[in-house]
file my_file.tsv (TSV, C-alpha atoms)
chain	number	residue	atom	x	y	z
A	1	MET	CA	-3.51	-35.15	12.92
A	2	ALA	CA	-4.50	-37.29	15.83
A	3	GLY	CA	-6.32	-40.53	15.30
A	4	LYS	CA	-6.81	-40.52	11.54
A	5	LYS	CA	-4.54	-42.71	9.49
A	6	SER	CA	-3.81	-41.36	6.05
A	7	GLN	CA	-4.09	-44.02	3.37
A	8	LYS	CA	-2.21	-43.29	0.19
A	9	ALA	CA	-5.04	-44.47	-2.06
A	10	GLY	CA	-7.77	-42.60	-0.30
A	11	TRP	CA	-6.08	-39.27	0.21
A	12	THR	CA	-8.68	-36.59	0.51
A	13	ARG	CA	-8.25	-32.93	-0.24
A	14	ARG	CA	-8.58	-32.36	3.52
A	15	ASP	CA	-5.73	-34.78	4.28
A	16	PHE	CA	-3.52	-33.04	1.75
A	17	PHE	CA	-4.14	-29.59	3.25
A	18	ASN	CA	-3.67	-31.00	6.74
A	19	TRP	CA	-0.24	-32.37	5.93
A	20	THR	CA	0.78	-29.30	3.98
A	21	LEU	CA	-0.20	-27.14	6.92
A	22	ASN	CA	1.76	-29.35	9.32
A	23	LEU	CA	4.78	-29.25	7.04
A	24	VAL	CA	4.74	-25.47	6.71
A	25	MET	CA	4.27	-24.99	10.45
A	26	GLY	CA	7.10	-27.45	11.08
A	27	VAL	CA	9.45	-25.54	8.78
A	28	ILE	CA	8.57	-22.25	10.48
A	29	THR	CA	9.13	-23.81	13.91
A	30	ILE	CA	12.54	-25.10	12.85
A	31	LEU	CA	13.53	-21.73	11.39
A	32	VAL	CA	12.71	-20.01	14.69
A	33	ALA	CA	14.20	-22.80	16.81
A	34	ILE	CA	17.63	-22.87	15.13
A	35	PRO	CA	18.83	-19.40	16.20
A	36	ALA	CA	16.96	-19.60	19.51
A	37	VAL	CA	18.44	-22.92	20.62
A	38	GLY	CA	21.76	-21.99	19.00
A	39	ALA	CA	22.05	-18.90	21.18
A	40	ALA	CA	21.07	-20.88	24.27
A	41	VAL	CA	23.68	-23.62	23.79
A	42	SER	CA	26.30	-21.17	22.51
A	43	PRO	CA	28.39	-21.28	25.74
A	44	ALA	CA	29.19	-24.95	25.06
A	45	PHE	CA	31.21	-23.86	22.03
A	46	HIS	CA	33.22	-21.17	23.79
A	47	LYS	CA	36.82	-21.89	24.76
A	48	ALA	CA	38.30	-20.01	27.69
A	49	ALA	CA	41.45	-18.21	26.55
A	50	PRO	CA	44.07	-17.35	29.17
A	51	VAL	CA	44.37	-13.71	30.18
A	52	TRP	CA	47.95	-12.48	29.88
A	53	VAL	CA	48.90	-9.79	32.41
A	54	ASN	CA	51.98	-7.60	32.62
A	55	LEU	CA	54.08	-7.95	35.81
A	56	GLY	CA	56.58	-5.25	34.83
A	57	ALA	CA	60.14	-4.96	33.52
A	58	GLN	CA	62.15	-8.18	33.59
A	59	LEU	CA	65.28	-6.51	34.98
A	60	GLY	CA	63.42	-4.72	37.78
A	61	LEU	CA	61.70	-7.93	38.89
A	62	GLN	CA	65.00	-9.80	38.82
A	63	GLN	CA	66.73	-7.15	40.96
A	64	SER	CA	63.93	-6.93	43.50
A	65	SER	CA	64.00	-10.72	43.94
A	66	ILE	CA	67.78	-10.73	44.42
A	67	GLN	CA	67.68	-7.78	46.82
A	68	ALA	CA	65.00	-9.46	48.93
A	69	GLY	CA	67.07	-12.64	49.13
A	70	SER	CA	70.60	-13.03	50.47
A	71	GLY	CA	73.99	-13.76	48.92
A	72	GLY	CA	72.91	-13.05	45.37
A	73	VAL	CA	70.18	-15.73	45.40
A	74	GLY	CA	66.68	-14.54	44.62
A	75	THR	CA	63.76	-15.14	46.92
A	76	VAL	CA	60.01	-14.82	46.69
A	77	VAL	CA	58.64	-11.31	46.13
A	78	LYS	CA	55.14	-10.06	45.54
A	79	ALA	CA	54.65	-8.99	41.94
A	80	PRO	CA	51.44	-6.92	41.81
A	81	TYR	CA	49.63	-6.34	38.55
A	82	SER	CA	46.43	-4.75	37.36
A	83	TYR	CA	44.37	-5.78	34.35
A	84	VAL	CA	40.93	-5.53	32.81
A	85	GLU	CA	38.71	-8.40	33.86
A	86	VAL	CA	36.47	-9.40	30.95
A	87	ASP	CA	33.33	-11.29	31.96
A	88	HIS	CA	31.46	-11.83	28.70
A	89	TRP	CA	30.14	-8.32	27.96
A	90	ALA	CA	31.17	-6.79	31.29
A	91	LYS	CA	34.63	-5.27	31.65
A	92	PHE	CA	36.01	-3.90	34.89
A	93	PRO	CA	39.45	-3.06	36.27
A	94	ALA	CA	40.91	-5.64	38.62
A	95	SER	CA	44.22	-6.22	40.38
A	96	ASP	CA	46.00	-9.12	42.00
A	97	TYR	CA	49.55	-10.27	42.56
A	98	ALA	CA	51.80	-13.21	41.81
A	99	TYR	CA	54.67	-14.64	43.87
A	100	LEU	CA	57.79	-14.32	41.77
A	101	ARG	CA	61.25	-15.74	42.46
A	102	TYR	CA	64.42	-15.27	40.45
A	103	ILE	CA	66.05	-18.69	40.06
A	104	GLY	CA	68.70	-17.86	37.46
A	105	GLY	CA	69.73	-19.98	34.50
A	106	ALA	CA	67.69	-20.25	31.32
A	107	CYS	CA	64.51	-20.30	33.31
A	108	ALA	CA	65.09	-17.02	35.14
A	109	PHE	CA	61.75	-16.85	37.00
A	110	TYR	CA	59.52	-19.20	38.92
A	111	ILE	CA	56.12	-17.56	39.30
A	112	LEU	CA	53.49	-18.93	41.70
A	113	SER	CA	49.81	-18.20	42.05
A	114	PRO	CA	48.98	-16.83	45.52
A	115	ILE	CA	45.67	-18.71	45.63
A	116	CYS	CA	45.47	-21.42	48.28
A	117	THR	CA	44.31	-24.71	46.75
A	118	HIS	CA	42.09	-25.40	49.75
A	119	LEU	CA	39.41	-22.69	49.57
A	120	GLY	CA	41.00	-19.93	47.53
A	121	CYS	CA	42.43	-17.49	50.09
A	122	HIS	CA	45.58	-15.54	49.21
A	123	VAL	CA	48.55	-17.11	50.97
A	124	ASN	CA	51.24	-15.01	52.74
A	125	TRP	CA	54.95	-15.38	52.11
A	126	ILE	CA	56.96	-15.51	55.35
A	127	GLN	CA	60.58	-14.81	54.51
A	128	ALA	CA	61.94	-15.93	57.90
A	129	ASP	CA	60.47	-19.44	57.53
A	130	ASN	CA	61.02	-19.64	53.77
A	131	GLN	CA	57.37	-20.82	53.49
A	132	PHE	CA	53.91	-19.71	52.43
A	133	TYR	CA	51.17	-19.66	55.06
A	134	CYS	CA	47.48	-19.48	54.35
A	135	PRO	CA	45.76	-17.11	56.81
A	136	CYS	CA	42.41	-18.91	56.53
A	137	HIS	CA	43.05	-22.49	57.63
A	138	GLY	CA	46.79	-22.64	58.12
A	139	SER	CA	47.95	-24.49	55.04
A	140	VAL	CA	51.71	-24.38	54.56
A	141	TYR	CA	53.60	-24.47	51.28
A	142	THR	CA	57.34	-24.65	50.59
A	143	VAL	CA	59.19	-22.00	48.62
A	144	ASP	CA	58.45	-24.11	45.51
A	145	GLY	CA	54.74	-24.09	46.29
A	146	LEU	CA	54.47	-27.71	47.44
A	147	ASN	CA	51.82	-28.26	50.10
A	148	VAL	CA	53.47	-29.65	53.23
A	149	SER	CA	50.92	-29.05	55.97
A	150	GLY	CA	47.31	-28.11	56.58
A	151	PRO	CA	44.17	-28.83	54.55
A	152	ALA	CA	45.56	-27.78	51.14
A	153	PRO	CA	44.98	-30.71	48.74
A	154	LEU	CA	47.36	-29.54	46.00
A	155	PRO	CA	50.50	-27.45	45.56
A	156	LEU	CA	50.21	-23.80	44.57
A	157	GLY	CA	49.56	-23.12	40.89
A	158	VAL	CA	52.53	-22.27	38.69
A	159	PHE	CA	51.92	-19.48	36.21
A	160	ARG	CA	52.97	-19.83	32.60
A	161	TRP	CA	54.96	-16.78	31.66
A	162	LYS	CA	56.84	-15.17	28.79
A	163	VAL	CA	58.92	-12.11	28.02
A	164	VAL	CA	57.47	-9.53	25.65
A	165	ALA	CA	59.45	-6.34	25.01
A	166	ASN	CA	61.57	-6.82	28.17
A	167	ALA	CA	58.44	-7.16	30.32
A	168	VAL	CA	57.29	-10.32	32.09
A	169	TRP	CA	53.78	-11.49	31.25
A	170	VAL	CA	51.95	-14.28	33.05
A	171	ALA	CA	48.89	-16.22	31.98
A	172	ARG	CA	46.06	-16.01	34.48
A	173	GLU	CA	44.21	-19.28	34.12
A	174	SER	CA	41.43	-20.86	36.06
A	175	THR	CA	43.05	-24.26	35.67
A	176	PHE	CA	46.51	-24.13	37.14
A	177	THR	CA	49.35	-26.38	36.22
A	178	HIS	CA	50.23	-27.56	39.66
A	179	ALA	CA	53.77	-27.97	40.83
A	180	HIS	CA	53.68	-31.74	41.18
A	181	GLN	CA	51.99	-32.35	37.82
A	182	ARG	CA	54.42	-29.90	36.35
A	183	SER	CA	57.54	-31.67	37.60
A	184	ALA	CA	56.28	-35.02	36.32
A	185	LYS	CA	55.65	-33.58	32.87
A	186	ALA	CA	58.71	-31.46	32.32
A	187	PRO	CA	61.06	-31.67	35.30
A	188	LYS	CA	63.82	-29.77	33.55
A	189	GLU	CA	61.86	-26.56	33.20
A	190	PRO	CA	59.69	-26.12	36.27
A	191	CYS	CA	59.24	-22.44	35.56
A	192	LEU	CA	56.82	-22.80	32.62
A	193	LYS	CA	58.59	-20.20	30.54
A	194	GLU	CA	57.21	-19.75	27.06
A	195	ALA	CA	59.02	-18.47	24.01
P	1	MET	CA	3.20	-44.11	19.82
P	2	TYR	CA	1.72	-40.70	19.12
P	3	THR	CA	-1.85	-41.99	19.06
P	4	ARG	CA	-1.21	-43.96	22.28
P	5	ILE	CA	-0.04	-40.80	24.07
P	6	VAL	CA	-3.06	-38.89	22.77
P	7	ARG	CA	-5.37	-41.70	23.92
P	8	TRP	CA	-3.71	-41.78	27.37
P	9	ILE	CA	-4.29	-38.05	27.81
P	10	ASP	CA	-7.82	-38.20	26.40
P	11	GLU	CA	-8.83	-40.99	28.83
P	12	ARG	CA	-8.04	-38.53	31.61
P	13	LEU	CA	-8.69	-35.03	30.30
P	14	MET	CA	-10.55	-35.34	26.99
P	15	VAL	CA	-8.58	-32.60	25.26
P	16	SER	CA	-8.92	-34.01	21.74
P	17	PRO	CA	-12.46	-32.67	21.24
P	18	LEU	CA	-11.26	-29.19	22.24
P	19	TRP	CA	-8.39	-29.39	19.78
P	20	ARG	CA	-10.62	-30.83	17.04
P	21	ASP	CA	-13.07	-28.02	17.67
P	22	MET	CA	-10.32	-25.51	16.90
P	23	ALA	CA	-8.51	-27.39	14.13
P	24	ASP	CA	-11.60	-28.56	12.26
P	25	HIS	CA	-13.56	-25.38	12.74
P	26	PRO	CA	-15.19	-24.70	9.37
P	27	VAL	CA	-14.76	-21.26	7.86
P	28	PRO	CA	-17.21	-19.77	5.35
P	29	ALA	CA	-16.33	-19.99	1.64
P	30	HIS	CA	-15.77	-16.25	1.30
P	31	VAL	CA	-12.84	-16.52	3.76
P	32	ASN	CA	-11.17	-19.42	1.94
P	33	PRO	CA	-8.39	-18.34	-0.46
P	34	SER	CA	-8.78	-21.59	-2.43
P	35	GLU	CA	-12.34	-20.52	-3.28
P	36	ARG	CA	-11.44	-16.96	-4.06
P	37	VAL	CA	-7.80	-15.77	-4.07
P	38	SER	CA	-8.68	-12.28	-2.82
P	39	ALA	CA	-9.73	-13.93	0.47
P	40	PHE	CA	-6.05	-13.78	1.53
P	41	VAL	CA	-6.93	-10.47	3.22
P	42	TYR	CA	-8.56	-12.55	5.95
P	43	CYS	CA	-5.12	-13.98	6.85
P	44	PHE	CA	-3.59	-10.78	8.23
P	45	GLY	CA	-4.78	-11.37	11.78
P	46	GLY	CA	-3.55	-14.96	11.80
P	47	VAL	CA	-0.18	-13.96	10.37
P	48	THR	CA	0.12	-11.33	13.11
P	49	PHE	CA	-0.55	-14.02	15.73
P	50	LEU	CA	2.11	-16.28	14.20
P	51	LEU	CA	4.61	-13.41	14.27
P	52	ILE	CA	3.72	-12.65	17.90
P	53	ILE	CA	4.53	-16.24	18.86
P	54	ALA	CA	7.88	-15.91	17.07
P	55	GLN	CA	8.52	-12.66	18.98
P	56	PHE	CA	7.80	-14.38	22.29
P	57	VAL	CA	10.24	-17.20	21.49
P	58	THR	CA	13.07	-15.01	20.17
P	59	GLY	CA	12.53	-12.49	22.96
P	60	MET	CA	12.79	-15.13	25.66
P	61	PHE	CA	16.09	-16.33	24.28
P	62	LEU	CA	17.40	-12.77	23.82
P	63	THR	CA	16.82	-12.16	27.53
P	64	MET	CA	19.44	-14.83	28.28
P	65	TYR	CA	22.08	-12.34	27.18
P	66	TYR	CA	20.54	-8.90	27.50
P	67	VAL	CA	21.11	-6.76	30.59
P	68	PRO	CA	18.80	-3.76	31.17
P	69	ASP	CA	21.45	-1.46	32.58
P	70	ILE	CA	23.01	1.65	31.05
P	71	ILE	CA	26.56	0.30	31.36
P	72	ASN	CA	25.93	-3.23	30.13
P	73	SER	CA	22.93	-3.08	27.80
P	74	TYR	CA	24.88	-1.83	24.79
P	75	ASN	CA	27.82	-4.14	25.52
P	76	SER	CA	25.61	-7.17	26.10
P	77	THR	CA	23.78	-6.51	22.83
P	78	LYS	CA	27.12	-6.20	21.06
P	79	TYR	CA	28.30	-9.40	22.73
P	80	LEU	CA	25.14	-11.17	21.59
P	81	MET	CA	25.67	-10.00	18.02
P	82	HIS	CA	29.34	-10.91	17.75
P	83	HIS	CA	30.10	-13.74	20.17
P	84	VAL	CA	26.92	-15.79	20.51
P	85	LEU	CA	26.10	-18.62	18.12
P	86	PHE	CA	23.30	-17.35	15.81
P	87	GLY	CA	23.03	-14.31	18.10
P	88	GLN	CA	22.92	-11.88	15.19
P	89	GLN	CA	20.17	-13.94	13.51
P	90	LEU	CA	18.17	-14.14	16.74
P	91	LEU	CA	18.35	-10.39	17.29
P	92	SER	CA	17.53	-9.68	13.64
P	93	MET	CA	14.48	-11.95	13.73
P	94	HIS	CA	13.16	-10.08	16.75
P	95	ASN	CA	13.98	-6.74	15.14
P	96	TRP	CA	12.46	-7.49	11.72
P	97	GLY	CA	9.58	-9.39	13.29
P	98	SER	CA	8.56	-6.26	15.21
P	99	SER	CA	8.34	-4.26	11.99
P	100	LEU	CA	6.43	-7.05	10.25
P	101	ILE	CA	3.91	-7.22	13.11
P	102	ILE	CA	3.22	-3.51	12.85
P	103	ILE	CA	2.72	-3.86	9.09
P	104	MET	CA	0.45	-6.91	9.40
P	105	VAL	CA	-1.57	-5.50	12.29
P	106	THR	CA	-2.13	-2.28	10.32
P	107	LEU	CA	-3.28	-4.25	7.26
P	108	HIS	CA	-5.54	-6.30	9.53
P	109	MET	CA	-7.09	-3.13	10.94
P	110	LEU	CA	-7.55	-1.64	7.46
P	111	ARG	CA	-9.32	-4.80	6.30
P	112	ILE	CA	-11.71	-4.60	9.26
P	113	TYR	CA	-12.23	-0.90	8.65
P	114	TRP	CA	-12.90	-1.08	4.90
P	115	MET	CA	-15.18	-4.06	5.22
P	116	GLY	CA	-17.05	-2.42	8.06
P	117	ALA	CA	-16.53	-5.55	10.18
P	118	TYR	CA	-16.39	-3.44	13.33
P	119	LYS	CA	-20.13	-2.71	13.17
P	120	LYS	CA	-22.73	-4.25	15.43
P	121	PRO	CA	-22.40	-6.84	16.96
P	122	ARG	CA	-18.60	-6.65	16.79
P	123	GLU	CA	-17.95	-3.24	18.44
P	124	LEU	CA	-16.37	-4.77	21.56
P	125	ASN	CA	-13.96	-6.82	19.50
P	126	TRP	CA	-13.04	-3.70	17.53
P	127	ILE	CA	-12.23	-1.88	20.79
P	128	VAL	CA	-10.10	-4.81	21.99
P	129	GLY	CA	-8.42	-4.93	18.57
P	130	VAL	CA	-7.52	-1.23	18.58
P	131	THR	CA	-6.18	-1.64	22.14
P	132	LEU	CA	-4.06	-4.53	20.85
P	133	LEU	CA	-2.77	-2.28	18.08
P	134	LEU	CA	-1.72	0.30	20.69
P	135	ILE	CA	-0.05	-2.46	22.75
P	136	VAL	CA	1.87	-3.59	19.68
P	137	LEU	CA	3.02	0.00	19.10
P	138	GLY	CA	3.99	0.13	22.80
P	139	PHE	CA	6.10	-2.99	22.30
P	140	GLY	CA	7.84	-1.31	19.37
P	141	PHE	CA	8.46	1.91	21.26
P	142	THR	CA	9.79	0.32	24.47
P	143	GLY	CA	11.84	-2.27	22.60
P	144	TYR	CA	13.53	0.38	20.48
P	145	LEU	CA	15.31	1.85	23.52
P	146	LEU	CA	16.69	-1.43	24.84
P	147	PRO	CA	19.96	-1.68	22.79
P	148	TRP	CA	20.84	1.72	24.34
P	149	ASP	CA	22.71	2.98	21.28
P	150	GLU	CA	22.64	6.54	19.91
P	151	LYS	CA	19.61	5.91	17.71
P	152	ALA	CA	17.65	4.29	20.53
P	153	TYR	CA	18.49	7.05	23.00
P	154	PHE	CA	17.53	10.00	20.83
P	155	ALA	CA	14.48	8.31	19.30
P	156	THR	CA	13.20	7.73	22.82
P	157	GLN	CA	14.02	11.29	23.81
P	158	VAL	CA	11.84	12.53	20.95
P	159	GLY	CA	9.13	9.96	21.66
P	160	VAL	CA	8.69	10.69	25.35
P	161	SER	CA	8.89	14.46	24.77
P	162	PHE	CA	5.42	14.29	23.14
P	163	THR	CA	3.89	13.49	26.52
P	164	LYS	CA	4.68	16.96	27.88
P	165	TYR	CA	2.06	18.48	25.53
P	166	VAL	CA	-0.73	16.61	27.32
P	167	PRO	CA	-2.89	19.33	28.94
P	168	PHE	CA	-2.38	19.95	32.67
P	169	ILE	CA	-0.51	16.73	33.52
P	170	GLY	CA	2.06	16.94	30.68
P	171	PRO	CA	5.22	17.72	32.68
P	172	ALA	CA	4.36	15.18	35.36
P	173	LEU	CA	3.51	12.55	32.75
P	174	LEU	CA	6.86	13.13	31.04
P	175	LYS	CA	8.62	12.35	34.31
P	176	VAL	CA	6.53	9.25	34.88
P	177	VAL	CA	7.11	7.92	31.37
P	178	SER	CA	10.87	8.55	31.45
P	179	GLY	CA	11.25	7.53	35.10
P	180	GLY	CA	12.92	10.81	36.05
P	181	SER	CA	13.84	14.24	34.74
P	182	LYS	CA	16.00	12.81	31.95
P	183	ILE	CA	16.38	9.69	29.84
P	184	GLY	CA	18.68	7.49	31.87
P	185	ALA	CA	19.07	4.33	33.92
P	186	ALA	CA	15.52	4.54	35.29
P	187	THR	CA	14.06	4.94	31.78
P	188	LEU	CA	15.84	1.83	30.60
P	189	THR	CA	14.69	-0.40	33.47
P	190	ARG	CA	11.17	1.03	33.17
P	191	PHE	CA	11.00	0.37	29.43
P	192	PHE	CA	12.49	-3.09	29.90
P	193	ALA	CA	9.90	-4.02	32.53
P	194	ILE	CA	7.09	-2.72	30.32
P	195	HIS	CA	8.49	-4.51	27.27
P	196	VAL	CA	9.02	-7.97	28.81
P	197	LEU	CA	6.46	-8.16	31.64
P	198	PHE	CA	3.60	-5.64	31.53
P	199	LEU	CA	2.82	-5.59	27.81
P	200	PRO	CA	3.13	-9.38	27.26
P	201	ALA	CA	0.70	-9.99	30.15
P	202	LEU	CA	-1.78	-7.49	28.70
P	203	LEU	CA	-1.27	-8.88	25.20
P	204	ILE	CA	-2.04	-12.46	26.23
P	205	VAL	CA	-5.23	-11.48	28.06
P	206	LEU	CA	-6.53	-9.26	25.26
P	207	LEU	CA	-5.57	-11.76	22.52
P	208	GLY	CA	-7.54	-14.39	24.43
P	209	LEU	CA	-10.57	-12.08	24.49
P	210	HIS	CA	-10.05	-11.22	20.82
P	211	PHE	CA	-10.13	-14.92	19.82
P	212	LEU	CA	-13.02	-15.82	22.12
P	213	MET	CA	-15.11	-13.03	20.61
P	214	ILE	CA	-14.34	-13.97	17.02
P	215	ARG	CA	-15.32	-17.60	17.77
P	216	ARG	CA	-18.50	-16.43	19.46
P	217	GLN	CA	-19.53	-14.02	16.70
P	218	GLY	CA	-18.01	-15.64	13.63
P	219	ILE	CA	-16.26	-13.93	10.76
P	220	SER	CA	-18.16	-11.08	9.17
P	221	GLY	CA	-19.41	-11.14	5.59
P	222	PRO	CA	-19.73	-12.13	2.82
P	223	TYR	CA	-20.19	-8.74	1.28
call {"tool": "encode", "arguments": {"input": "my_file.tsv", "output": "structure tokens"}}
result
Amino acid sequence: MAGKKSQKAGWTRRDFFNWTLNLVMGVITILVAIPAVGAAVSPAFHKAAPVWVNLGAQLGLQQSSIQAGSGGVGTVVKAPYSYVEVDHWAKFPASDYAYLRYIGGACAFYILSPICTHLGCHVNWIQADNQFYCPCHGSVYTVDGLNVSGPAPLPLGVFRWKVVANAVWVARESTFTHAHQRSAKAPKEPCLKEA
Amino acid sequence: MYTRIVRWIDERLMVSPLWRDMADHPVPAHVNPSERVSAFVYCFGGVTFLLIIAQFVTGMFLTMYYVPDIINSYNSTKYLMHHVLFGQQLLSMHNWGSSLIIIMVTLHMLRIYWMGAYKKPRELNWIVGVTLLLIVLGFGFTGYLLPWDEKAYFATQVGVSFTKYVPFIGPALLKVVSGGSKIGAATLTRFFAIHVLFLPALLIVLLGLHFLMIRRQGISGPY
């Protein structure tokens, strides 16, 4: 306790009980503190897993992209999807869409996030101009999602995707792999297709 | 280091004497288990206080995850149990602690009763103590509903149904206690508010009175 120095030689009965009491109280405090602090810092140990969502049948998506384009070349189409948003314990139905384009070859699809990299509005695809326009502050992106005009600081996000049972699934992720980073990393497969 | 901090505070506020007064407060020999082992019965109140502190701490941390809402309360409790680090332990400590408090507080009351320690001049402290016992039972009853599982729901339904047998005001009281004509969203928010705000405030005030009175009047006995 405060002030008194315990000398080994002159340990009194009172000193002994004092230290024993402190020790026991310390152990109890630690036993309560471990789960309490553990629960509080628990979020630091959680890893965000991507949410995979179903865009629909591969063949149907491919045909709609080709039909929207001209001369057998696919163009950008809206691919709507609905999913269950899981926010810790809360679950609620949500829906969104991706911009999908059939590009042929081994890659097949190039799937872009519709979220503007400026402030998060959904961008519009304008077929006549072959470009994406953001309705909020006028950012412009090419068909490949590269930002060419306006305040957008980065290209549109490219979704990772894969085929499961003839359906196309994309990974919704908060951190996008952006088109320019993508092409530097793996320029041969800009579509981020996964096995 | 430690003594320097204590000295710095004492130069300004002189808290050490207050602390020493509590920590070095002598207790009579008949209360000291090292004099007579059977004196452990005098520990029940102190043990209850220790458990109450643990309940405060675990409860505060549980509230980081718990949501008092009929859609999310069950799911948030489940999330706490399965996805939060030590969440299951935290919840279990609060759960078991509540049962232990009721056991200890009952033993404490029985000790007072059998020793006749409630007699003059300690009647007021007895009244405060019995009120504290009722508050502790109130904590148990309101806390039981919060996970919003089957057991909680139907136990509460049975519990609140007793109120309708109160003469004259029974049916109205039932509606007040359950926050409506059935156990639902309003019952849960009501019980949550009582459990984490109203009862703790009352408990702190009455515990303060309880301790002030015991210091003023001293421990009863020896017999």
call {"tool": "closest_residue", "arguments": {"input": "my_file.tsv", "among": "P:Ser98, P:Gln89, P:Thr48, P:Thr142", "to": "Phe198 (chain P)", "atoms": "all atoms listed in the file"}}
result
P:Thr142
call {"tool": "residues_near_point", "arguments": {"input": "my_file.tsv", "point": "(38.9, -23.1, 56.6)", "cutoff": "8 Å", "atoms": "all atoms listed in the file", "output": "count of residues only"}}
result
4
call {"tool": "closest_residue", "arguments": {"input": "my_file.tsv", "among": "P:Leu199, P:Leu133, P:Met60, P:Ile53", "to": "Val105 (chain P)", "atoms": "all atoms listed in the file"}}
result
P:Leu133
call {"tool": "closest_atom_pairs", "arguments": {"input": "my_file.tsv", "of": "chain P", "to": "chain A", "cutoff": "6 Å", "atoms": "only C-alpha atoms", "output": "CSV"}}
result
residue,atom,partner,partner_atom,distance
P:Phe61,CA,A:Ala36,CA,5.8
P:Asn75,CA,A:Trp89,CA,5.4
P:Ser76,CA,A:Trp89,CA,5.0
P:Tyr79,CA,A:Trp89,CA,5.6
P:Val84,CA,A:Ser42,CA,5.8
P:Leu85,CA,A:Ser42,CA,5.1
P:Phe86,CA,A:Pro35,CA,4.9
P:Gly87,CA,A:Ala39,CA,5.6
P:Leu90,CA,A:Pro35,CA,5.3
call {"tool": "write_last_selection", "arguments": {"input": "my_file.tsv", "atoms": "C-alpha atoms", "output": "CSV table (one decimal), in the coordinates of the input"}}
result
chain,number,residue,atom,x,y,z
P,61,PHE,CA,16.1,-16.3,24.3
P,75,ASN,CA,27.8,-4.1,25.5
P,76,SER,CA,25.6,-7.2,26.1
P,79,TYR,CA,28.3,-9.4,22.7
P,84,VAL,CA,26.9,-15.8,20.5
P,85,LEU,CA,26.1,-18.6,18.1
P,86,PHE,CA,23.3,-17.4,15.8
P,87,GLY,CA,23.0,-14.3,18.1
P,90,LEU,CA,18.2,-14.1,16.7
call {"tool": "residues_around", "arguments": {"input": "my_file.tsv", "residues": "Asn32 (chain P)", "least_positions_apart": "5", "cutoff": "12 Å", "atoms": "all atoms listed in the file", "output": "list of chain:residue names"}}
result
P:Pro26, P:Val27, P:Val37, P:Ser38, P:Ala39, P:Phe40, P:Val41, P:Tyr42, P:Cys43, P:Ile219, P:Pro222
call {"tool": "atom_distance", "arguments": {"input": "my_file.tsv", "atom1": "CA of Phe192 (chain P)", "atom2": "CA of Val84 (chain A)"}}
result
28.7 Å
call {"tool": "closest_residue", "arguments": {"input": "my_file.tsv", "among": "P:Ala54, P:Asn72, P:Val6, P:Trp148", "to": "Trp19 (chain P)", "atoms": "all atoms listed in the file"}}
result
P:Val6
call {"tool": "atom_distance", "arguments": {"input": "my_file.tsv", "atom1": "CA of Leu209 (chain P)", "atom2": "CA of Gly129 (chain P)"}}
result
9.5 Å
call {"tool": "closest_residue", "arguments": {"input": "my_file.tsv", "among": "A:Ser82, A:Asn22, A:Thr75, A:Gln67", "to": "Asn54 (chain A)", "atoms": "only C-alpha atoms"}}
result
A:Ser82
call {"tool": "atom_distance", "arguments": {"input": "my_file.tsv", "atom1": "CA of Met115 (chain P)", "atom2": "CA of Phe44 (chain P)"}}
result
13.7 Å
